[in-house]
Each structure stands twice: as structure tokens, then as C-alpha cells.
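A short write-up of the structure that comes next.
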Amino acid sequence: MGLKFTIVAKDKSTRARTGILHTPHGDVETPIFMPVGTAGAVKAMTQAQLEEVGAQIILANTYHLYMRPGHEMVREFGGLHRFMNWPHPILTDSGGFQVMSLKGLAKVTDDGVHFRSHLDGSSHFFTPERVIEFQLSLGSDIIMPLDECVEYPASHETLKRSVRLTGRWADRSKRFFAANASAFQSRSGEDSGKPELGASLFGIVQGGTDTDLRRESAMEIAEMGFDGYAIGGLSVGEPKDELYSVTECVAEYLPEDGPRYLMGVGTPEDLVRCVASGIDMFDCVMPTRNARNGCVFTSAGKLTIKSARYARDPGPLDAACGCPVCRRYSRAYLRHLFSVGEISAA
RNA sequence: GGACAGGUGGCCGAGUGGCUAAAGGCAGCAGGCUGUAAACCUGCCGCUCCUUGCGAGCUACGGGGGUUCGAAUCCUCCCCUGUCCA
């Protein structure tokens with residue numbers, strides 16, 4: 001796999017670094033936060049707003065797009081970029097998180113995951129190979145292999161099984177990707193960006209909060225060699241100090257010259273803490289979900305704008321913030337929008 | 001003037017003798033959201049008091065009176081609202 005990540009600068013006192021991630025649809029400056037657009041849209045945001053706030057890459061979800069509208073249909077449109085008319089990079093998650101979040105509908109076997117659709121109950125079998133194929137069909141810039149995300153807390157045996165399974169699936173994913181990626185990307189009529197660059201495939205480390213298993217998983221995935229390295233299975237309910245310590249521990253075992261992606265994280269503080277541990281990429285539903293639910297991150301901490309105490313507050317959400325919302329609107333108005341159920345005005 | 005139907009907690013609306021301070025919804029209040037089954041979910045939501053308990057007392061189903069051990073529920077008179085007929 002080619003060099004798709006350039007390190008620009010390294011911090012002297014921490015493991016933080018800045019870099020550039022090269023993708024078929026353009027470069028991404030790291031550290032980067034990727035807004036989550038599960039079904040091909042970042043909820044309650046327009047693409048213009050995403051660009052305005054500096055989103056350089058967004059995340060979409062294989063499971064959800066496979067269910068609706070279907071990866072084949074997206075491919076007919078020339079890929080997800082063209083389908084949703086998003087010219088910037090897209091990372092697609094594999095469905096590994098849905099193994100956990102849809103646990104009542106997912107059955108894991110050695111060969112793959114049997115999903116019963118959360119929409120109509122129909123049966124679907126996801127294998128590591130098919131999941132790569134789905135993502136190649138979507139035209140993703142960064143492809144995530146199928147993994148098994150495990151709930152917290154989990155027993156050592158469960159975590160061990162999940163690490164081994166995720167490792168075997170990573171190997172199968174890499175082989176299938178190596179054999180099929182170029183064929184998919186050279187197909188005419190599809191928006192594959194700069195085909196000479198090609199899509200990236202990342203590896204995912206599992207192991208819960210068990211540092212021995214984390215080390216084993218990190219070394220195994222690093223040994224296989226991927227375009228980037230993700231830490232999965234965190235921010236699933238473990239204490240904060242474990243999130244930070246496991247992240248720090250795993251990052252040390254991941255190749256220095258590859259991008260490191262901490263999946264599903266996190267709060268503003270999480271981002272700062274984990275950048276210092278050498279993480280380059282993050283994604284999280286928290287900013288968009290919390291915003292939809294009336295919870296805002298400010299320089300002074302979380303603020304629940306729905307609260308009655310802001311009903312007559314003429315001040316901005318965050319006096320220290322210069323964003324369009326803080327420049328334009330009062331807390332009273334924003335609270336009013338929540339009271340009346342308006343989501344789009346601001 | 002007559003015939004029906006109906007008046008329940010901020011609103012809508014269940015409830016026809018005790019398990020009812022009264023289902024459910026809305027509104028209100030508080031909180032939670034970390035690779036999105038999430039514009040979602042949870043809790044509180046008559047008043048007062050305390051030793052905060054499946055606690056005590058008070059007030060409450062249009063108004064008055066009555067039946068009953070016990071009434072939002074049954075009887076009676078009155079007031080009001082809606083629909084229809086004159």
C-alpha cells in the first residue's frame with residue numbers, strides 16, 4: 001500500500017503530530033474530526049454548513065447504506081460522492097459497530113455477521129469480503145474492515161475471542177481488498193476521484209480495556225500492514241481514565257508513519273487528550289446528536305439550551321466563540337427554536 | 001320552546017360504586033446522549049408537611065342537595081356547552 005499519509009510536524013512534549021491524509025477526493029489535514037453522516041447525510045446539517053465549519057471528511061455507514069438505498073443502487077449513481085454530491089473525502093464504517101448497537105438483531109459467526117434488518121426484519125449476511133465489496137461499490141475513500149465491537153464490560157474470554165476474530169477478519173479483508181480494489185476503481189463512469197491514489201483500507205484494533213489483548217491486537221494488525229490504524233471498541237461505557245490509558249497504550253504499538261484513528265470519540269476534552277497520545281482521526285455522533293437534543297459544548301462546559309433559565313437570556317451560547325450561531329443568535333432565541341420544534345433555522 | 005349529547009387535573013381525553021390523586025397524549029420542568037434503530041430516551045409533573053416512605057394530611061372530576069360503610073361514577077334540582085328540530 002502506498003504512502004497516503006504525510007507527517008508535517010511533531011510536538012516535542014507529547015506524542016501529538018500534524019499531518020496530511022491523501023485520499024482520491026483530496027487531502028485532509030490531521031488531526032481531524034469527521035462528522036458522522038450514517039445514511040449519507042450529516043443529520044440536521046447542510047453540506048454548505050459542513051464546509052463552513054471546516055469539515056474536510058465525513059463518515060458514512062456501510063450497514064445503513066446497504067439497507068437503504070443499497071450499495072448497488074449507489075454504484076449505479078457512480079458512487080456515494082456523486083449520489084450525495086459531496087466532493088470531499090468519505091470514510092465508510094463497516095457495520096462492526098452495528099454488531100454491538102443492533103445486538104438483538106446481529107448474530108456473529110466465524111465467517112461473518114447475520115443481521116436481521118432493523119427496518120423489516122429481513123436476513124442479511126455480512127462477511128469481511130462482502131463488506132469490502134459494499135464499500136468499494138460505495139466508492140469510499142477510506143474503507144474499514146468488518147470487526148466485532150464488544151460491549152463494556154466484557155469478560156477476558158469474550159474480548160479474546162473478539163480480538164482473534166477481528167484479526168482473522170482483518171486478514172481476509174486485506175486479501176480481498178488487494179485482489180479487487182483496483183478492478184472496482186478502474187471501472188469507467190464511477191467517481192473514484194484520483195484513481196492513481198486509490199482507496200485506503202484501515203485495520204482495527206480491539207480488546208476492550210484489557211491492555212494485554214490490546215497490545216496483542218495492535219501488534220497483529222500493525223504486522224499485517226494497513227494504510228491506517230483504527231482503535232475500536234472504546235467509548236462504549238468504560239471510565240474516562242480507561243479510555244485515555246488504553247488509547248495511549250495502543251497508540252504506542254501502532255506504526256508511527258500511519259494515521260491513527262480513534263473510532264467513536266468523542267467530547268472536546270477527549271479529542272485534546274487523545275491527540276496528545278498520537279491520535280490523528282476521530283469521529284463521533286455526539287456533536288450532531290447532542291445539538292439536535294439541545295445540548296451544546298461551550299468553552300465553559302456543556303449547556304442545555306432547552307432549560308427555562310435561558311428563556312430571557314439575550315447573550316450568545318458561548319461568549320468566547322465567534323461561530324455564525326454565536327455571532328447571530330441569542331440563547332433566548334435558540335431556546336425558543338427548541339420549544340417550538342424548529343431544527344433548521346439556526 | 002323541544003329532543004338528544006356532554007361538562008374530568010394547564011389543554012385534549014379515558015374512566016359508570018371501593019384496586020382512583022384519577023389511564024394515555026400534549027404542554028411544562030429536570031437530566032442523559034461518544035464508529036447514530038436517536039429532531040431520541042429517562043425521570044418529575046394537585047397542595048402542604050415530615051423521620052422522604054409503595055409516608056401523613058388537605059383539596060379535586062360544572063354547582064347544590066341526597067343515597068351508600070364508601071361516589072368522578074347512582075338519584076335529584078340548578079347552571080353551562082354542542083348538535084338537531086321548531
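By order in the C-alpha cells, chains are A, B, ...; within a chain, residues start at 1; ligands start at 1, following the order shown.
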
Contacts of Pro316 of chain A at 12 Å or less, counting only C-alpha atoms (C1' of nucleotides), minus same-chain residues fewer than 2 places along, as a PDB file with C-alpha atoms, in the first residue's frame?
ATOM      1  CA  VAL A 296     -24.181  22.387  23.384  1.00  0.00           C
ATOM      2  CA  THR A 298     -19.133  25.618  25.071  1.00  0.00           C
ATOM      3  CA  LEU A 303     -25.003  23.830  28.237  1.00  0.00           C
ATOM      4  CA  ILE A 305     -30.195  25.289  25.879  1.00  0.00           C
ATOM      5  CA  TYR A 310     -32.263  30.759  29.194  1.00  0.00           C
ATOM      6  CA  ARG A 312     -34.855  35.519  28.576  1.00  0.00           C
ATOM      7  CA  ASP A 313     -31.110  35.293  28.079  1.00  0.00           C
ATOM      8  CA  PRO A 314     -30.027  37.741  25.360  1.00  0.00           C
ATOM      9  CA  ASP A 318     -20.646  30.982  24.138  1.00  0.00           C
ATOM     10  CA  ALA A 319     -19.272  34.473  24.631  1.00  0.00           C
ATOM     11  CA  ALA A 320     -15.812  33.216  23.725  1.00  0.00           C
ATOM     12  CA  CYS A 321     -16.954  31.736  20.413  1.00  0.00           C
ATOM     13  CA  GLY A 322     -17.043  33.504  17.068  1.00  0.00           C
ATOM     14  CA  CYS A 323     -19.023  30.939  15.089  1.00  0.00           C
ATOM     15  CA  PRO A 324     -22.006  32.063  12.988  1.00  0.00           C
ATOM     16  CA  VAL A 325     -24.521  30.823  15.560  1.00  0.00           C
ATOM     17  CA  CYS A 326     -22.834  32.538  18.478  1.00  0.00           C
ATOM     18  CA  ARG A 327     -22.425  35.714  16.436  1.00  0.00           C
ATOM     19  CA  ARG A 328     -26.017  35.856  15.284  1.00  0.00           C
ATOM     20  CA  TYR A 329     -28.369  34.364  17.842  1.00  0.00           C
ATOM     21  CA  SER A 330     -29.286  34.808  21.480  1.00  0.00           C
ATOM     22  CA  ARG A 331     -29.740  31.948  23.893  1.00  0.00           C
ATOM     23  CA  ALA A 332     -33.360  33.017  24.241  1.00  0.00           C
ATOM     24  CA  TYR A 333     -33.974  32.619  20.519  1.00  0.00           C
ATOM     25  CA  LEU A 334     -32.183  29.290  20.308  1.00  0.00           C
ATOM     26  CA  ARG A 335     -34.164  28.026  23.278  1.00  0.00           C
TER      27      ARG A 335
END

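Around segment 8-13 of chain B, within 12 Å and counting only C-alpha atoms (C1' of nucleotides), the residues found are G6, G15, U20, A21, A22, A23, G24, G25, C26, A27, G28, C45, G46, U59, A60, C61, G62, A72 and U73 of chain B, once anything fewer than 2 positions away on its own chain is removed.
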
Expected answer as a list in words: chain A residues within 7 Å of chain B, only C-alpha atoms (C1' of nucleotides):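 The contacting residues on chain A are Thr38, Asp93, Phe97, His118, Ser235, Met263, Gly264, Val265, Gly266, Thr267, Asp283, Cys284, Val285, Met286, Asn290, Arg292, Asn293 and Ile343 of chain A.
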
Can I get the selected residues back with C-alpha atoms, as a tab-separated table (two decimals), in the first residue's frame?
chain	number	residue	atom	x	y	z
A	38	THR	CA	-24.60	7.50	8.77
A	93	ASP	CA	-17.63	2.38	8.65
A	97	PHE	CA	-20.39	-1.05	15.38
A	118	HIS	CA	-33.83	-3.17	11.81
A	235	SER	CA	-16.15	4.94	24.32
A	263	MET	CA	-13.31	5.38	16.49
A	264	GLY	CA	-16.38	6.91	18.08
A	265	VAL	CA	-14.60	9.57	20.15
A	266	GLY	CA	-15.60	12.00	21.47
A	267	THR	CA	-16.09	15.01	23.65
A	283	ASP	CA	-15.45	10.56	14.54
A	284	CYS	CA	-18.39	10.87	16.87
A	285	VAL	CA	-22.13	11.37	16.67
A	286	MET	CA	-22.01	13.43	19.81
A	290	ASN	CA	-26.37	16.47	21.24
A	292	ARG	CA	-30.28	18.08	17.92
A	293	ASN	CA	-31.19	17.29	21.51
A	343	ILE	CA	-34.47	22.44	13.89

For Ala170 of chain A, find every residue with an atom within 12 Å (counting only C-alpha atoms (C1' of nucleotides)), except residues of its own chain fewer than 6 positions away, and show them as a short mmCIF file (atom, residue, chain, number, x, y, z; two decimals) with C-alpha atoms, in the first residue's frame.
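Writing the result to out.cif gives the following:
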data_model
loop_
_atom_site.label_atom_id
_atom_site.label_comp_id
_atom_site.auth_asym_id
_atom_site.auth_seq_id
_atom_site.Cartn_x
_atom_site.Cartn_y
_atom_site.Cartn_z
CA SER A 94 -18.01 -1.32 8.13
CA GLY A 96 -18.82 -3.56 13.02
CA GLY A 112 -19.37 -13.17 9.34
CA THR A 127 -18.77 -11.28 5.59
CA PRO A 128 -15.44 -9.42 5.68
CA GLU A 129 -15.22 -9.85 1.92
CA VAL A 131 -18.29 -5.64 3.43
CA ILE A 132 -15.20 -4.60 1.43
CA ILE A 143 -12.61 1.60 3.92
CA MET A 144 -12.98 -0.02 7.32
CA PRO A 145 -12.87 -3.80 7.63
CA LEU A 146 -15.62 -5.72 9.38
CA ASP A 147 -14.76 -6.04 13.06
CA GLU A 148 -16.54 -7.02 16.21
CA SER A 162 -13.31 -10.78 19.60
CA VAL A 163 -9.66 -9.83 19.15
CA ARG A 164 -8.90 -13.11 17.40
CA PHE A 176 -9.97 -9.37 -0.69
CA PHE A 177 -9.21 -5.67 -0.92
CA LEU A 201 -8.01 0.22 3.86
CA PHE A 202 -7.54 0.60 7.60
CA GLY A 203 -7.08 -2.08 10.24
CA ILE A 204 -9.00 -2.08 13.50
CA VAL A 205 -7.64 -2.91 16.93
CA GLN A 206 -9.98 -4.42 19.51
CA SER A 217 -4.33 -6.91 18.70
CA ALA A 218 -2.32 -3.79 17.88
CA GLU A 220 -1.15 -8.25 14.92
CA ILE A 221 -2.88 -5.51 12.93
CA ALA A 222 0.33 -3.50 12.60
CA GLU A 223 2.14 -6.58 11.39
CA MET A 224 -0.42 -7.14 8.65
CA GLY A 225 0.12 -3.61 7.42
CA PHE A 226 -2.69 -1.23 6.51
CA TYR A 229 -4.89 2.01 12.05
CA ALA A 230 -8.08 2.36 14.00
#

Secondary structure check, alpha helix (DSSP H) residues of segment 13-256 of chain A, as a count of residues only: 99

Point-to-point distance in Å for atom CA of Ala60 of chain A and atom CA of Ala178 of chain A: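 Those two atoms sit 22.1 Å apart.
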
Near-Gly233 of chain A list (7 Å; only C-alpha atoms (C1' of nucleotides); drop same-chain fewer than 2 positions) as a PyMOL selection string: chain A and resi 149-150+206+208+231+235-236

So that I have them on file, write out the residues from the current selection with N, CA and C atoms, as a PDB file, in the first residue's frame.
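So selection.pdb came out as:
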ATOM      1  N   CYS A 149     -17.259  -5.121  17.480  1.00  0.00           N
ATOM      2  CA  CYS A 149     -17.229  -4.160  18.581  1.00  0.00           C
ATOM      3  C   CYS A 149     -17.984  -4.778  19.747  1.00  0.00           C
ATOM      4  N   VAL A 150     -17.323  -4.850  20.891  1.00  0.00           N
ATOM      5  CA  VAL A 150     -17.890  -5.535  22.048  1.00  0.00           C
ATOM      6  C   VAL A 150     -18.294  -4.535  23.117  1.00  0.00           C
ATOM      7  N   GLN A 206      -8.956  -4.225  18.482  1.00  0.00           N
ATOM      8  CA  GLN A 206      -9.980  -4.421  19.510  1.00  0.00           C
ATOM      9  C   GLN A 206      -9.308  -4.839  20.813  1.00  0.00           C
ATOM     10  N   GLY A 208     -11.089  -4.260  24.113  1.00  0.00           N
ATOM     11  CA  GLY A 208     -11.739  -3.652  25.271  1.00  0.00           C
ATOM     12  C   GLY A 208     -10.752  -2.879  26.127  1.00  0.00           C
ATOM     13  N   ILE A 231      -8.541   2.375  16.347  1.00  0.00           N
ATOM     14  CA  ILE A 231      -8.788   1.792  17.659  1.00  0.00           C
ATOM     15  C   ILE A 231     -10.295   1.756  17.847  1.00  0.00           C
ATOM     16  N   SER A 235     -15.014   4.043  24.143  1.00  0.00           N
ATOM     17  CA  SER A 235     -16.154   4.944  24.317  1.00  0.00           C
ATOM     18  C   SER A 235     -17.457   4.155  24.218  1.00  0.00           C
ATOM     19  N   VAL A 236     -17.469   3.010  24.865  1.00  0.00           N
ATOM     20  CA  VAL A 236     -18.679   2.182  24.916  1.00  0.00           C
ATOM     21  C   VAL A 236     -19.160   2.045  26.356  1.00  0.00           C
TER      22      VAL A 236
END

Backbone DSSP call of strand (DSSP E) for segment 47-204 of chain A, listed as number ranges by chain: A: 58-61, 90-93, 106-108, 113-116, 123-126, 142-143, 200-204

Contact residues around Leu136 of chain A with only C-alpha atoms (C1' of nucleotides) at 12 Å, ignoring same-chain residues under 6 positions, as JSON, numbers by chain: {"A": [62, 66, 71, 72, 74, 75, 78, 79, 80, 90, 91, 92, 94, 129, 130, 142, 143, 144, 145, 173, 176, 177, 178, 179, 180, 181, 182, 183, 184, 185, 186, 187, 190, 191, 192, 198, 199, 200, 201]}

Pick from B:G17, B:G2, B:U83, B:G55 nearest to A71 of chain B, counting only C-alpha atoms (C1' of nucleotides): B:G17

Computed interatomic separation between atom CA of Val272 of chain A and atom CA of Ala291 of chain A (Å): 20.1 Å

Polymer residues at most 9 Å from Pro31 of chain A, only C-alpha atoms (C1' of nucleotides), same-chain spacing of 3 or more positions, as a ChimeraX atom specification: /A:16-20,28,275,279-282

Contacts of Arg116 of chain A at 8 Å (only C-alpha atoms (C1' of nucleotides); same-chain gap of 6+ positions) as a list in words: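 Once the nearby chain positions are removed, what remains is Leu105, Ala106, Ser122, Ser123 and His124 of chain A.
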
Write the residues you've just listed into a file as a compact mmCIF listing (two decimals), in the first residue's frame, and include C-alpha atoms for each of them.
# COMPACT_ATOMS: atom_id res chain seq x y z
CA LEU A 105 -30.55 -8.35 15.52
CA ALA A 106 -26.97 -9.49 14.91
CA SER A 122 -35.16 -9.50 6.66
CA SER A 123 -31.95 -11.53 6.89
CA HIS A 124 -28.60 -10.35 5.57
